[in-house]
Structure formats: C-alpha cells, structure tokens
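Structure data (TSV, C-alpha atoms) from start-v3.tsv:
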```tsv
chain	number	residue	atom	x	y	z
U	13	MET	CA	75.43	64.21	192.43
U	14	ILE	CA	76.86	64.03	195.94
U	15	LEU	CA	75.90	66.76	198.36
U	16	THR	CA	77.55	67.34	201.73
U	17	ASN	CA	77.69	70.23	204.14
U	18	ILE	CA	81.28	69.60	205.23
U	19	GLU	CA	84.44	70.72	203.42
U	20	SER	CA	85.06	67.43	201.66
U	21	VAL	CA	83.37	64.27	200.51
U	22	PRO	CA	84.61	61.63	202.97
U	23	GLY	CA	86.19	58.69	201.20
U	24	LYS	CA	86.83	60.70	198.03
U	25	SER	CA	89.31	63.37	197.07
U	26	ILE	CA	88.53	66.66	195.39
U	27	VAL	CA	90.30	67.04	192.06
U	28	GLU	CA	88.78	70.25	190.73
U	29	HIS	CA	86.86	73.27	192.04
U	30	TYR	CA	84.21	75.04	189.98
U	31	GLY	CA	83.20	77.80	192.39
U	32	LEU	CA	79.90	78.82	193.89
U	33	VAL	CA	76.62	77.34	192.71
U	34	SER	CA	73.26	78.36	194.09
U	35	GLY	CA	69.56	77.86	193.65
U	36	SER	CA	66.65	79.84	194.97
U	37	THR	CA	62.89	79.92	194.81
U	38	VAL	CA	60.29	82.32	196.13
U	39	ARG	CA	57.05	80.72	197.17
U	40	ALA	CA	53.77	82.01	198.45
U	41	LYS	CA	51.20	79.87	200.18
U	42	HIS	CA	47.74	79.60	198.68
U	43	VAL	CA	44.54	80.73	200.32
U	44	GLY	CA	43.21	77.26	201.15
U	45	ARG	CA	46.29	76.44	203.12
U	46	ASP	CA	46.17	79.80	204.78
U	47	ILE	CA	42.63	79.22	206.02
U	48	MET	CA	43.57	75.83	207.42
U	49	ALA	CA	46.61	77.34	209.06
U	50	GLY	CA	44.41	80.07	210.51
U	51	LEU	CA	42.23	77.44	212.16
U	52	LYS	CA	45.26	75.53	213.34
U	53	ASN	CA	46.54	78.74	214.94
U	54	ILE	CA	43.75	78.48	217.52
U	55	VAL	CA	44.58	75.00	218.76
U	56	GLY	CA	48.30	75.04	218.01
U	57	GLY	CA	50.34	72.14	216.74
U	58	GLU	CA	52.03	71.31	213.50
U	59	LEU	CA	51.03	73.06	210.30
U	60	THR	CA	51.49	70.13	207.92
U	61	GLY	CA	50.63	72.19	204.85
U	62	TYR	CA	53.43	74.65	205.50
U	63	THR	CA	55.89	71.91	206.38
U	64	GLU	CA	55.25	70.22	203.02
U	65	LEU	CA	55.28	73.50	201.12
U	66	LEU	CA	58.65	74.51	202.55
U	67	HIS	CA	60.06	71.04	202.04
U	68	ASP	CA	59.00	71.00	198.38
U	69	SER	CA	60.32	74.49	197.74
U	70	ARG	CA	63.65	73.66	199.30
U	71	GLN	CA	63.80	70.57	197.13
U	72	GLN	CA	63.19	72.72	194.07
U	73	ALA	CA	65.94	75.15	195.07
U	74	THR	CA	68.31	72.21	195.56
U	75	ASP	CA	67.38	70.84	192.13
U	76	ARG	CA	68.21	74.18	190.54
U	77	MET	CA	71.54	74.22	192.30
U	78	THR	CA	72.45	70.69	191.22
U	79	GLU	CA	71.40	71.51	187.65
U	80	GLN	CA	73.78	74.48	187.65
U	81	ALA	CA	76.57	72.28	189.02
U	82	ARG	CA	75.92	69.62	186.38
U	83	GLN	CA	76.27	72.18	183.59
U	84	LEU	CA	79.66	73.13	184.99
U	85	GLY	CA	80.74	69.51	184.86
U	86	ALA	CA	80.83	68.93	188.61
U	87	ASN	CA	79.81	65.68	190.25
U	88	ALA	CA	79.56	66.88	193.87
U	89	ILE	CA	78.65	69.98	195.86
U	90	VAL	CA	80.37	70.56	199.19
U	91	ASN	CA	79.63	72.97	202.02
U	92	VAL	CA	75.94	73.27	201.18
U	93	ARG	CA	74.05	75.87	203.21
U	94	PHE	CA	70.34	76.66	203.45
U	95	ALA	CA	68.98	80.13	204.06
U	96	THR	CA	65.44	81.43	204.41
U	97	SER	CA	64.25	85.00	204.19
U	98	ALA	CA	60.80	86.52	204.23
U	99	VAL	CA	60.69	88.83	201.22
U	100	ALA	CA	57.08	89.92	201.54
U	101	GLN	CA	54.07	89.19	203.65
U	102	GLY	CA	53.14	85.58	203.05
U	103	ALA	CA	56.04	84.78	200.73
U	104	SER	CA	59.45	83.53	201.59
U	105	GLU	CA	62.61	82.91	199.67
U	106	LEU	CA	64.48	79.66	200.07
U	107	TYR	CA	68.09	79.82	199.05
U	108	VAL	CA	70.61	76.99	198.79
U	109	TYR	CA	74.26	77.47	197.96
U	110	GLY	CA	77.47	75.49	197.92
U	111	THR	CA	80.75	74.89	196.15
U	112	ALA	CA	80.74	72.70	193.07
U	113	VAL	CA	83.63	70.29	192.85
U	114	ARG	CA	84.70	67.18	191.01
U	115	VAL	CA	85.61	64.23	193.19
U	116	GLU	CA	87.24	60.91	192.46
Z	9	MET	CA	29.52	90.99	225.03
Z	10	GLU	CA	29.55	88.58	222.09
Z	11	GLN	CA	33.18	89.36	221.45
Z	12	ILE	CA	34.08	88.48	225.02
Z	13	ILE	CA	32.27	85.14	224.75
Z	14	ILE	CA	34.06	84.28	221.52
Z	15	PHE	CA	37.33	85.32	223.10
Z	16	ILE	CA	36.76	83.06	226.13
Z	17	ILE	CA	35.69	80.11	223.96
Z	18	LEU	CA	38.80	80.47	221.81
Z	19	ALA	CA	41.03	80.76	224.86
Z	20	VAL	CA	39.56	77.65	226.52
Z	21	LEU	CA	39.64	75.68	223.27
Z	22	GLY	CA	43.20	76.77	222.66
Z	23	TYR	CA	44.25	75.88	226.18
Z	24	THR	CA	42.77	72.37	226.28
Z	25	ALA	CA	43.56	71.33	222.72
Z	26	GLY	CA	46.95	73.01	222.79
Z	27	THR	CA	48.04	71.42	226.06
Z	28	LEU	CA	46.87	67.97	224.99
Z	29	ALA	CA	48.60	68.26	221.62
Z	30	GLU	CA	51.81	69.44	223.22
Z	31	ARG	CA	51.90	66.55	225.71
Z	32	LYS	CA	51.21	64.05	222.97
Z	33	HIS	CA	53.88	65.58	220.79
Z	34	TYR	CA	56.48	65.50	223.58
Z	35	ARG	CA	55.71	61.84	224.28
Z	36	SER	CA	56.14	60.96	220.62
Z	37	ILE	CA	59.38	62.98	220.42
Z	38	GLU	CA	60.81	61.20	223.46
Z	39	THR	CA	60.02	57.70	222.19
Z	40	ARG	CA	61.50	58.44	218.79
Z	41	GLU	CA	64.58	60.05	220.31
Z	42	ARG	CA	65.25	56.85	222.23
Z	43	ARG	CA	64.94	54.86	219.00
Z	44	TYR	CA	67.62	56.98	217.33
Z	45	LEU	CA	70.10	56.93	220.20
Z	46	ASN	CA	72.52	54.86	218.09
Z	47	LEU	CA	72.61	57.53	215.38
Z	48	PRO	CA	74.39	60.52	216.90
Z	49	ALA	CA	74.19	63.92	215.23
Z	50	VAL	CA	77.23	66.06	215.98
Z	51	THR	CA	78.19	69.62	215.14
Z	52	THR	CA	81.81	68.78	214.45
Z	53	LYS	CA	83.06	68.27	210.92
Z	54	LYS	CA	85.51	65.47	211.64
Z	55	GLU	CA	85.01	62.23	213.49
Z	56	SER	CA	87.28	59.41	214.54
Z	57	PHE	CA	86.90	57.20	211.49
Z	58	LYS	CA	89.28	56.69	208.62
Z	59	GLU	CA	88.42	58.15	205.23
Z	60	SER	CA	88.84	54.71	203.69
Z	61	GLU	CA	86.10	53.25	205.89
Z	62	VAL	CA	83.43	55.54	204.47
Z	63	GLU	CA	80.92	53.94	202.16
Z	64	ASN	CA	78.93	57.04	201.26
Z	65	ALA	CA	78.09	60.55	202.42
Z	66	ILE	CA	74.82	62.32	201.69
Z	67	LEU	CA	73.10	65.51	202.74
Z	68	VAL	CA	70.02	64.91	204.86
Z	69	SER	CA	67.54	67.47	206.09
Z	70	GLY	CA	64.30	67.64	207.99
Z	71	ASN	CA	61.89	70.46	208.72
Z	72	ALA	CA	58.85	71.16	210.86
Z	73	VAL	CA	56.45	74.08	211.18
Z	74	ILE	CA	54.82	74.36	214.59
Z	75	SER	CA	52.22	76.90	215.58
Z	76	LEU	CA	51.29	78.40	218.92
Z	77	ASP	CA	47.78	78.01	220.32
Z	78	TYR	CA	45.45	80.91	221.03
Z	79	PHE	CA	45.73	80.80	224.81
Z	80	LYS	CA	49.52	80.77	224.83
Z	81	ARG	CA	49.60	83.63	222.38
Z	82	ILE	CA	47.58	85.70	224.84
Z	83	LEU	CA	49.90	84.69	227.68
Z	84	ALA	CA	52.91	85.66	225.62
Z	85	GLY	CA	51.24	88.96	224.81
Z	86	LEU	CA	50.84	89.65	228.53
Z	87	ARG	CA	54.47	88.73	229.07
Z	88	ASN	CA	55.43	91.55	226.76
Z	89	ILE	CA	54.13	93.99	229.35
Z	90	PHE	CA	56.09	92.70	232.32
Z	91	GLY	CA	59.04	91.12	230.56
Z	92	GLY	CA	60.78	87.98	231.66
Z	93	GLU	CA	60.95	84.42	230.45
Z	94	VAL	CA	58.32	83.40	227.89
Z	95	VAL	CA	57.95	79.67	228.57
Z	96	SER	CA	55.24	79.13	225.94
Z	97	TYR	CA	57.57	80.22	223.14
Z	98	GLU	CA	60.41	78.15	224.54
Z	99	THR	CA	58.44	74.92	224.28
Z	100	LEU	CA	57.24	75.90	220.80
Z	101	ILE	CA	60.75	76.36	219.46
Z	102	ASP	CA	62.04	73.32	221.34
Z	103	ARG	CA	59.36	71.12	219.79
Z	104	ALA	CA	60.03	72.41	216.28
Z	105	ARG	CA	63.79	71.85	216.56
Z	106	ARG	CA	63.58	68.38	218.04
Z	107	GLU	CA	60.98	67.34	215.48
Z	108	ALA	CA	63.21	68.64	212.66
Z	109	ILE	CA	66.21	66.70	213.98
Z	110	LEU	CA	64.12	63.54	214.23
Z	111	ARG	CA	62.86	63.87	210.67
Z	112	MET	CA	66.41	64.38	209.48
Z	113	LYS	CA	67.49	61.19	211.28
Z	114	GLU	CA	64.57	59.29	209.75
Z	115	LYS	CA	65.86	60.22	206.30
Z	116	ALA	CA	69.41	59.13	207.15
Z	117	GLY	CA	68.37	55.47	206.99
Z	118	ARG	CA	71.13	53.13	208.10
Z	119	ALA	CA	73.82	55.82	208.43
Z	120	ASP	CA	76.24	55.68	211.37
Z	121	VAL	CA	76.76	59.33	212.19
Z	122	ILE	CA	75.53	62.73	211.07
Z	123	LEU	CA	78.29	65.32	210.83
Z	124	ASN	CA	78.08	69.10	210.94
Z	125	LEU	CA	74.51	69.33	212.13
Z	126	ARG	CA	73.04	72.77	211.59
Z	127	ILE	CA	69.73	74.06	212.82
Z	128	GLU	CA	68.05	77.16	211.51
Z	129	THR	CA	64.77	78.71	212.47
Z	130	SER	CA	62.57	81.23	210.75
Z	131	SER	CA	59.14	82.57	211.51
Z	132	ILE	CA	56.59	82.21	208.75
Z	133	GLY	CA	52.86	82.43	208.29
Z	134	GLN	CA	50.34	85.20	208.51
Z	135	THR	CA	51.96	86.97	211.41
Z	136	ALA	CA	55.51	86.63	210.12
Z	137	ASN	CA	56.04	90.26	209.38
Z	138	LYS	CA	54.03	91.81	212.18
Z	139	ARG	CA	56.02	93.13	215.02
Z	140	ASN	CA	56.17	91.29	218.37
Z	141	THR	CA	54.26	88.24	217.22
Z	142	ILE	CA	55.39	84.76	216.29
Z	143	GLY	CA	52.46	82.95	214.73
Z	144	SER	CA	54.34	79.87	213.76
Z	145	ILE	CA	57.94	78.89	213.54
Z	146	GLU	CA	59.86	76.72	211.10
Z	147	ALA	CA	62.91	74.78	212.14
Z	148	ILE	CA	65.18	73.08	209.63
Z	149	ALA	CA	67.96	70.71	210.59
Z	150	TYR	CA	70.53	69.45	208.13
Z	151	GLY	CA	73.79	67.58	208.16
Z	152	THR	CA	75.94	65.07	206.32
Z	153	ALA	CA	75.00	61.46	206.98
Z	154	ILE	CA	78.01	59.14	206.89
Z	155	THR	CA	77.60	55.43	206.29
Z	156	LEU	CA	80.61	53.31	207.18
Z	157	LYS	CA	81.59	50.09	205.47
Z	158	LYS	CA	80.47	47.10	207.45
Z	159	THR	CA	83.30	44.68	208.15
```

Would you mind writing the structure in this file as structure tokens?
Amino acid sequence: MILTNIESVPGKSIVEHYGLVSGSTVRAKHVGRDIMAGLKNIVGGELTGYTELLHDSRQQATDRMTEQARQLGANAIVNVRFATSAVAQGASELYVYGTAVRVE
Amino acid sequence: MEQIIIFIILAVLGYTAGTLAERKHYRSIETRERRYLNLPAVTTKKESFKESEVENAILVSGNAVISLDYFKRILAGLRNIFGGEVVSYETLIDRARREAILRMKEKAGRADVILNLRIETSSIGQTANKRNTIGSIEAIAYGTAITLKKT
C-alpha cells in the first residue's frame, strides 16, 4: 500500500478512484505515564512516553485506514491528512483520512 | 511558609534544569539540521523532476511532545497579566516543530526530497483542557518522501 499526501503517486498513474477512506482511534494515557509526565512538567523537556503513545496510536489509525482501502481493492491512498482533537480530559482522538485509488 | 519554600525550590529546579535541557536540545537540533541539509523539505506539491525519474514515494511522519518547565510556566502566567510576547512558549513550540521535522527526515532514509510538508500542533497532557495553560505541546510533521532513480 502506497501512501502519499500529494494528489498523485509520482511515477505512477491513477486508474481508478474509490473515494474517502479513514481511520481513527481514541486513546487515553495511563496513570504511570501521567505521573512521569507530571514530574517532567517541573523540569521541562521531552515527554517520551507521550511521544511514543501518540506515534503508536497514529500508526493504529493508519493501519485501520489502509485495511479499509484494501477491502475496497485499492493499492494506494493519496492526499493523506492527519488530524488530532482532544475529546475529553486526558484522551485525544487521532484521525487519518485520504482518498483510496488504484495506481499502475 | 512551607508552601513558599516548595514553590521556590520548584522554580529554581525548573529554571536550572529547564535552561540546561533547552540549550542541549538546541545544540542537538542544530547539528542534526546541518546533517540533513541535502534533504530539503518543501511545502510545494510539485518539484522540478520528471515523473519517470521517480523510484518510489512514501508518506513519512515524525512527532515530538515537549513540555514547559515550572519556572517558565510561572513567567508565562505573569505575562498573561501584562500581555505581550511570550518568549518561553515560542521556544517551546519552535523546539517541538524542529524536532518533529528532524524525526520525519530520519525516517525518510535515502530520499531526495520531501514534498508537501505539513506541520500540525496540538496541546495535550493534564492541562490540555484548562483555559490559558499549555502544559505540553505536540508537533507532528508529515510529507511525501520522493526517492529518485540513481543514474
């Protein structure tokens, strides 16, 4: 599965469009990470736990999107966009969407 | 009295550790940015190469969550009274964005150019939904890495 965030797949031509595909996941951080982050908030710097958590969740959302595209018979997704929204205190939704296409 | 002492200790700890960490981080960002000078990331969607020269195109992304230290948070709180430029937040967001771009470039491997770079930021963490506070900020950078055929 080829993913790009431009209108086409360079070097290949789009032969069929399948429409919008998307994947989302809502994740909350666990208490242990929160305590560590609380301590880190005093000295500042990178919160590695959160970075990993968000990276993994985004990966999961992307996997769901590619799975949806595969079921449609697509072999590429163009114009992929990421969006993040805080749905509740301590939980955020990671949303990925794009257009499923078949390229040759 | 005890509360004041704890407050001062936290402020001093935050100031020293925070400043040191920030300097170290900026140094590391600058060295790595020099290393990736030959891999430009552009916001345009088209570049001056022929479609036939492209070997492959993949989506690459990188993210970073950076938090503010205790002392700077107090400073920023004071800034809210008088208004004006909040330098401590500016460096925070700058660090997060540049770190995210660097991580994206690290994932691009031996690509030649990254097209349509997009950067998004969102505030997360404990203080995410409280008004007037940014506890920590997440920056994500993503784009399409293009590898050209080597002739």

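CA of Val73 (chain Z) lies 22.3 Å from CA of Arg42 (chain Z).
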
Sorted per-residue table, chain Z near chain U, closest atoms and distance, 6 Å, all atoms listed in the file, as CSV:
```
residue,atom,partner,partner_atom,distance
Z:Gly22,CA,U:Val55,CA,4.5
Z:Ala25,CA,U:Val55,CA,5.5
Z:Gly26,CA,U:Val55,CA,5.1
Z:Glu59,CA,U:Gly23,CA,4.6
Z:Ser60,CA,U:Gly23,CA,5.4
Z:Val62,CA,U:Gly23,CA,5.3
Z:Ile66,CA,U:Leu15,CA,5.7
Z:Leu67,CA,U:Thr16,CA,4.9
Z:Ala72,CA,U:Thr63,CA,5.4
Z:Val73,CA,U:Thr63,CA,5.3
Z:Ile74,CA,U:Glu58,CA,4.3
Z:Ser75,CA,U:Gly56,CA,5.0
Z:Leu76,CA,U:Gly56,CA,4.6
Z:Asp77,CA,U:Gly56,CA,3.8
Z:Tyr78,CA,U:Ile54,CA,4.6
Z:Thr152,CA,U:Thr16,CA,5.4
```

- Query: In terms of the shortest atom-to-atom distance over only C-alpha atoms, which of Z:Gly151, Z:Gly70, Z:Gly85, Z:Gly117 is closest to Ala49 (chain Z)?
  - Reply: Z:Gly151

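From CA of Val115 (chain U) back to CA of Val27 (chain U), the distance works out to 5.6 Å.
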
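Pairwise distance (CA of Val121 (chain Z), CA of Asp68 (chain U)) equals 25.3 Å.
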
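Residue nearest Ile154 (chain Z), chosen from Z:Arg35, Z:Arg43, Z:Arg126, Z:Lys113 and counting only C-alpha atoms: Z:Lys113.
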
- Message: Counting all atoms listed in the file, which residue out of Z:Val20, Z:Val94, Z:Ile13, Z:Ala153 sits closest to Glu114 (chain Z)?
- Response: Z:Ala153

- Task: Please provide the set of residues having any atom within 10 Å of Lys115 (chain Z), restricted to all atoms listed in the file, with same-chain residues fewer than 3 positions apart removed, written as an NGL selection string.
- Result: :Z and (67-70 or 110-112 or 118-119 or 153)

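Close contacts of Arg76 (chain U), defined as residues with an atom at most 8 Å away when counting only C-alpha atoms, with chain neighbours fewer than 6 positions off set aside, comprise Ser34, Gly35 and Ser36 of chain U.
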
Output file for the residues above (C-alpha atoms, as an mmCIF file, keeping the file's coordinate frame):
```cif
data_model
loop_
_atom_site.group_PDB
_atom_site.id
_atom_site.type_symbol
_atom_site.label_atom_id
_atom_site.label_comp_id
_atom_site.auth_asym_id
_atom_site.auth_seq_id
_atom_site.Cartn_x
_atom_site.Cartn_y
_atom_site.Cartn_z
ATOM 1 C CA SER U 34 73.260 78.360 194.090
ATOM 2 C CA GLY U 35 69.560 77.860 193.650
ATOM 3 C CA SER U 36 66.650 79.840 194.970
#
```

- So which one's closest to Val50 (chain Z), Z:Asn124, Z:Thr24, Z:Asn88, Z:Ser36? Using only C-alpha atoms, please. Z:Asn124

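Residues lying within 12 Å of Gly85 (chain U), counting all atoms listed in the file and ignoring same-chain neighbours fewer than 2 positions away, are U:Met13, U:Glu28, U:His29, U:Tyr30, U:Gly31, U:Val33, U:Thr78, U:Glu79, U:Gln80, U:Ala81, U:Arg82, U:Gln83, U:Asn87, U:Ala88, U:Ile89, U:Ala112, U:Val113, U:Arg114, U:Val115.
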
- For each of Z:Ser144, Z:Thr99, Z:Asn71, Z:Thr155, take the minimum atom-to-atom distance to Ser69 (chain U), counting only C-alpha atoms, then give the residue where this is smallest. Z:Asn71

How would region 96-109 of chain U look written as an mmCIF file, in the first residue's frame with N, CA and C atoms?
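Writing the result to part.cif gives the following:
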```
data_model
loop_
_atom_site.group_PDB
_atom_site.id
_atom_site.type_symbol
_atom_site.label_atom_id
_atom_site.label_comp_id
_atom_site.auth_asym_id
_atom_site.auth_seq_id
_atom_site.Cartn_x
_atom_site.Cartn_y
_atom_site.Cartn_z
ATOM 1 N N THR U 96 -5.883 15.843 14.868
ATOM 2 C CA THR U 96 -5.916 15.476 16.282
ATOM 3 C C THR U 96 -6.957 16.339 16.978
ATOM 4 N N SER U 97 -7.770 15.715 17.821
ATOM 5 C CA SER U 97 -8.677 16.534 18.616
ATOM 6 C C SER U 97 -8.764 15.971 20.021
ATOM 7 N N ALA U 98 -8.867 16.853 20.995
ATOM 8 C CA ALA U 98 -8.992 16.414 22.378
ATOM 9 C C ALA U 98 -10.477 16.238 22.671
ATOM 10 N N VAL U 99 -10.911 14.991 22.849
ATOM 11 C CA VAL U 99 -12.334 14.740 23.049
ATOM 12 C C VAL U 99 -12.731 14.878 24.512
ATOM 13 N N ALA U 100 -11.829 14.538 25.400
ATOM 14 C CA ALA U 100 -12.119 14.647 26.821
ATOM 15 C C ALA U 100 -10.805 14.917 27.531
ATOM 16 N N GLN U 101 -10.895 15.237 28.787
ATOM 17 C CA GLN U 101 -9.681 15.477 29.550
ATOM 18 C C GLN U 101 -8.824 14.211 29.561
ATOM 19 N N GLY U 102 -7.618 14.316 29.064
ATOM 20 C CA GLY U 102 -6.702 13.189 29.107
ATOM 21 C C GLY U 102 -6.838 12.198 27.974
ATOM 22 N N ALA U 103 -7.797 12.410 27.083
ATOM 23 C CA ALA U 103 -7.936 11.499 25.940
ATOM 24 C C ALA U 103 -7.967 12.318 24.662
ATOM 25 N N SER U 104 -7.345 11.783 23.647
ATOM 26 C CA SER U 104 -7.400 12.513 22.387
ATOM 27 C C SER U 104 -7.694 11.567 21.241
ATOM 28 N N GLU U 105 -8.325 12.106 20.224
ATOM 29 C CA GLU U 105 -8.666 11.310 19.063
ATOM 30 C C GLU U 105 -7.681 11.606 17.966
ATOM 31 N N LEU U 106 -7.175 10.539 17.336
ATOM 32 C CA LEU U 106 -6.265 10.712 16.219
ATOM 33 C C LEU U 106 -6.981 10.196 14.987
ATOM 34 N N TYR U 107 -7.064 11.030 14.004
ATOM 35 C CA TYR U 107 -7.862 10.727 12.826
ATOM 36 C C TYR U 107 -6.996 10.853 11.578
ATOM 37 N N VAL U 108 -7.062 9.866 10.717
ATOM 38 C CA VAL U 108 -6.312 9.884 9.459
ATOM 39 C C VAL U 108 -7.296 9.658 8.330
ATOM 40 N N TYR U 109 -7.197 10.445 7.285
ATOM 41 C CA TYR U 109 -8.094 10.213 6.154
ATOM 42 C C TYR U 109 -7.402 10.489 4.834
#
```
